[in-house]
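Student: Structure file structure_14.txt (compact mmCIF, C-alpha atoms and all ligand atoms) right here:
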# COMPACT_ATOMS: atom_id res chain seq x y z
CA MET S 174 4.71 106.05 97.34
CA ALA S 175 7.68 104.45 99.12
CA GLY S 176 8.23 105.51 102.69
CA VAL S 177 11.37 107.48 103.44
CA ARG S 178 13.74 105.73 105.72
CA ASN S 179 15.46 108.09 107.96
CA GLU S 180 17.91 106.11 109.98
CA ARG S 181 20.77 107.93 111.49
CA ARG S 182 23.91 106.40 112.73
CA GLY S 183 25.53 108.10 115.65
CA GLY S 184 29.17 109.09 115.35
CA ASN S 185 31.50 107.11 117.49
CA VAL S 186 34.57 109.32 118.04
CA ASP S 187 36.51 108.66 121.18
CA ALA S 188 37.55 112.23 121.90
CA ALA S 189 38.77 111.48 125.40
CA SER S 190 41.67 109.34 124.24
CA LEU S 191 42.82 112.05 121.80
CA VAL S 192 42.91 114.60 124.60
CA LEU S 193 45.00 112.27 126.76
CA LEU S 194 47.45 111.73 123.90
CA ALA S 195 47.88 115.47 123.39
CA ALA S 196 48.42 116.04 127.09
CA SER S 197 51.13 113.39 127.32
CA HIS S 198 52.98 114.98 124.42
CA ALA S 199 52.92 118.36 126.12
CA LEU S 200 54.94 116.81 128.96
CA LEU S 201 57.70 115.96 126.50
CA LEU S 202 58.43 119.61 125.75
CA PRO S 203 62.01 120.36 126.74
CA ILE S 204 62.16 121.83 130.20
CA LEU S 205 65.82 122.80 130.17
CA ALA S 206 66.90 125.10 127.36
CA PRO S 207 70.62 124.64 126.75
CA ALA S 208 72.62 127.60 127.98
CA ALA S 209 73.98 129.58 125.05
CA ALA S 210 77.48 128.18 124.78
CA ALA S 211 80.07 130.91 124.77
CA ALA S 212 82.79 130.18 122.25
CA ASP S 213 85.60 128.42 124.01
CA LEU S 214 88.91 129.99 122.95
CA ALA S 215 91.04 127.46 124.79
CA HIS S 216 89.24 124.67 122.97
CA GLY S 217 89.61 126.61 119.70
CA LYS S 218 93.35 126.83 120.25
CA ARG S 219 93.52 123.09 120.79
CA VAL S 220 91.50 122.47 117.63
CA PHE S 221 93.90 124.76 115.75
CA GLN S 222 96.67 122.23 116.47
CA THR S 223 95.20 120.24 113.59
CA CYS S 224 95.69 123.25 111.27
CA ARG S 225 99.18 124.15 112.45
CA SER S 226 101.00 121.70 110.24
CA CYS S 227 99.96 123.88 107.31
CA HIS S 228 98.90 127.29 108.66
CA VAL S 229 100.06 129.98 111.05
CA VAL S 230 97.67 132.41 112.67
CA ASP S 231 100.06 134.79 114.44
CA SER S 232 102.11 136.15 111.54
CA ASP S 233 101.93 136.86 107.81
CA ALA S 234 104.00 133.82 106.95
CA ASN S 235 102.62 131.33 104.49
CA ARG S 236 103.39 127.66 105.02
CA PHE S 237 101.93 124.84 103.02
CA GLY S 238 98.72 126.83 103.43
CA PRO S 239 98.25 130.61 103.46
CA THR S 240 98.46 132.59 106.68
CA LEU S 241 95.20 132.59 108.61
CA LYS S 242 95.99 135.79 110.48
CA GLY S 243 92.93 137.97 109.98
CA VAL S 244 91.19 135.39 107.82
CA VAL S 245 87.73 136.03 109.27
CA GLY S 246 86.07 138.49 106.89
CA ARG S 247 88.86 138.14 104.31
CA LYS S 248 88.18 137.46 100.66
CA ALA S 249 89.10 133.91 99.64
CA ALA S 250 92.42 133.50 97.85
CA SER S 251 93.52 137.07 98.59
CA ILE S 252 97.02 136.55 100.04
CA ALA S 253 99.40 137.87 97.40
CA GLY S 254 102.37 135.60 97.06
CA PHE S 255 100.52 132.42 97.99
CA SER S 256 99.95 130.08 95.14
CA TYR S 257 96.31 129.04 95.50
CA SER S 258 94.63 126.26 93.59
CA GLN S 259 92.63 127.25 90.56
CA ALA S 260 89.48 126.25 92.45
CA MET S 261 90.19 128.60 95.36
CA THR S 262 91.26 131.42 93.02
CA GLU S 263 87.99 131.11 91.13
CA ALA S 264 85.95 130.96 94.35
CA GLY S 265 87.56 134.21 95.48
CA ALA S 266 87.00 135.83 92.10
CA ALA S 267 83.36 134.74 92.31
CA GLY S 268 83.01 136.63 95.58
CA LEU S 269 83.61 134.06 98.33
CA VAL S 270 84.39 135.85 101.59
CA TRP S 271 85.44 133.96 104.72
CA ASP S 272 82.69 135.13 107.01
CA GLU S 273 81.71 132.81 109.82
CA ALA S 274 79.08 130.98 107.80
CA ALA S 275 81.42 130.31 104.87
CA LEU S 276 84.23 129.23 107.18
CA SER S 277 81.90 126.93 109.01
CA GLU S 278 80.90 125.19 105.77
CA PHE S 279 84.49 125.03 104.52
CA LEU S 280 85.83 123.56 107.76
CA TYR S 281 83.04 121.00 107.86
CA SER S 282 83.98 119.81 104.38
CA PRO S 283 86.66 121.74 102.45
CA LYS S 284 86.11 119.89 99.22
CA ARG S 285 82.37 120.21 99.36
CA LYS S 286 82.56 123.98 99.88
CA VAL S 287 85.35 124.50 97.33
CA PRO S 288 85.49 121.47 95.03
CA GLY S 289 89.06 121.03 93.81
CA THR S 290 90.68 122.88 96.73
CA ALA S 291 94.30 122.02 97.47
CA MET S 292 93.55 121.94 101.20
CA ARG S 293 93.96 118.29 102.05
CA PHE S 294 91.91 118.19 105.18
CA TRP S 295 89.01 115.89 105.88
CA GLY S 296 87.08 118.49 107.84
CA LEU S 297 85.98 118.94 111.41
CA TRP S 298 83.16 116.78 112.65
CA SER S 299 81.64 118.67 115.51
CA GLN S 300 79.99 122.06 115.41
CA SER S 301 81.68 123.05 118.67
CA GLU S 302 85.12 122.39 117.15
CA ILE S 303 84.14 124.51 114.15
CA ASP S 304 82.65 127.35 116.23
CA ASP S 305 85.55 127.43 118.66
CA VAL S 306 88.31 127.36 116.04
CA ILE S 307 86.55 130.21 114.21
CA ALA S 308 86.42 132.14 117.50
CA TYR S 309 90.15 131.47 117.88
CA LEU S 310 90.81 132.74 114.34
CA LYS S 311 88.73 135.83 115.08
CA ALA S 312 90.80 136.47 118.17
CA ASN S 313 93.89 136.66 115.92
CA PRO S 314 93.01 139.46 113.55
C1 LIG S 401 97.38 119.53 105.09
C2 LIG S 401 97.53 120.97 105.14
C3 LIG S 401 96.36 121.78 105.68
C4 LIG S 401 95.68 121.63 106.87
C5 LIG S 401 95.90 120.55 107.93
C6 LIG S 401 94.73 122.71 106.93
N1 LIG S 401 94.83 123.48 105.81
FE1 LIG S 401 93.72 125.14 105.39
N2 LIG S 401 94.61 125.30 103.59
C7 LIG S 401 95.64 124.49 103.12
C8 LIG S 401 95.98 124.85 101.76
C9 LIG S 401 97.03 124.19 100.88
C10 LIG S 401 95.10 125.93 101.43
C11 LIG S 401 94.97 126.62 100.08
C12 LIG S 401 93.84 125.89 99.37
C13 LIG S 401 93.69 126.17 97.89
O1 LIG S 401 94.44 126.98 97.32
O2 LIG S 401 92.79 125.54 97.31
C14 LIG S 401 94.29 126.18 102.60
C15 LIG S 401 93.33 127.17 102.68
C16 LIG S 401 92.61 127.50 103.81
C17 LIG S 401 91.70 128.60 103.92
C18 LIG S 401 91.39 129.63 102.83
C19 LIG S 401 92.39 130.75 103.01
C20 LIG S 401 92.35 131.85 101.97
O3 LIG S 401 93.25 132.70 102.01
O4 LIG S 401 91.45 131.85 101.12
C21 LIG S 401 91.20 128.58 105.18
C22 LIG S 401 90.21 129.54 105.77
C23 LIG S 401 91.81 127.45 105.85
N3 LIG S 401 92.65 126.82 104.99
C24 LIG S 401 91.55 127.12 107.16
C25 LIG S 401 92.07 125.97 107.78
C26 LIG S 401 91.78 125.60 109.15
C27 LIG S 401 90.97 126.43 110.13
C28 LIG S 401 92.38 124.41 109.37
C29 LIG S 401 92.33 123.53 110.62
C30 LIG S 401 91.02 123.19 111.08
C31 LIG S 401 93.10 124.05 108.15
N4 LIG S 401 92.88 125.03 107.22
C32 LIG S 401 93.86 122.91 107.98
C33 LIG S 401 96.23 123.46 103.81
C34 LIG S 401 95.82 122.96 105.03
Represent the structure contained in this file as structure tokens.

Tutor:
Amino acid sequence: MAGVRNERRGGNVDAASLVLLAASHALLLPILAPAAAAADLAHGKRVFQTCRSCHVVDSDANRFGPTLKGVVGRKAASIAGFSYSQAMTEAGAAGLVWDEAALSEFLYSPKRKVPGTAMRFWGLWSQSEIDDVIAYLKANP
């Protein structure tokens, strides 16, 4: 009968180096949480300068674009007497409401949010511009 060989090889895990790696990552955790930025109305008003060539916010007058007075919470394409594009009319009929999330997406990229929109505007690039101009619109109900 052949003898049974019973060699064992010891494991060779270097646990110490793993522990050091984990510890160094813990130090990278952010120490300073950014202060919740309050919407900046003055900045929002400045951003609105880029909308003013086509929109007013302080009266019911339509210009090249529809009035934005009270637009936050308004159904899309709901200003009677403004001639919306077919795309915007259909978006409104499909239930699009300009809440803050929808406005944020539209202002980031009008033609991505409403393909075929007549709003010739490239979009705002920074989230603070978007947030602050929405705060400014909200302040003009
Ligand atoms: C070059 C002109 C132009 C500029 C600049 C412009 N818009 Fe418009 N906007 C329009 C037109 C035209 C429409 C109608 C779009 C359609 O019918 O498809 C519109 C529609 C809108 C709507 C939908 C309104 C509704 O009643 O459904 C919102 C909201 C809006 N614009 C916000 C803005 C904001 C905020 C800015 C500035 C950041 C801006 N727009 C800049 C022309 C413009």

Student: If you count all atoms listed in the file, which residues fall within 12 Å of Asn313 (chain S), apart from same-chain ones fewer than 6 positions away, as an NGL selection string?

Tutor: :S and (214 or 217-218 or 221 or 229-233 or 240-245 or 306-307)

Student: Ligand LIG 401 (chain S): which residues are within 9 Å, counting all atoms listed in the file, as a PyMOL selection string?

Tutor: chain S and resi 220-228+236-241+244-245+247-252+255-262+264-265+269-271+275-276+279-281+283-284+287-297+302-303+306-307+310

Student: Quick check, in Å to one decimal: how far apart do CA of Asn235 (chain S) and CA of Ala253 (chain S) lie?

Tutor: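 Between CA of Asn235 (chain S) and CA of Ala253 (chain S) the gap works out to 10.2 Å.
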
Student: Could you state the separation of CA of Lys311 (chain S) and CA of Ala274 (chain S) in Å, given to one decimal place?

Tutor: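 Calculated distance between CA of Lys311 (chain S) and CA of Ala274 (chain S) is 13.0 Å.
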
Student: Just the number, please: distance in Å from CA of Glu278 (chain S) to CA of Asp305 (chain S), one decimal.

Tutor: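 Computed distance, CA of Glu278 (chain S) to CA of Asp305 (chain S), equals 13.9 Å.
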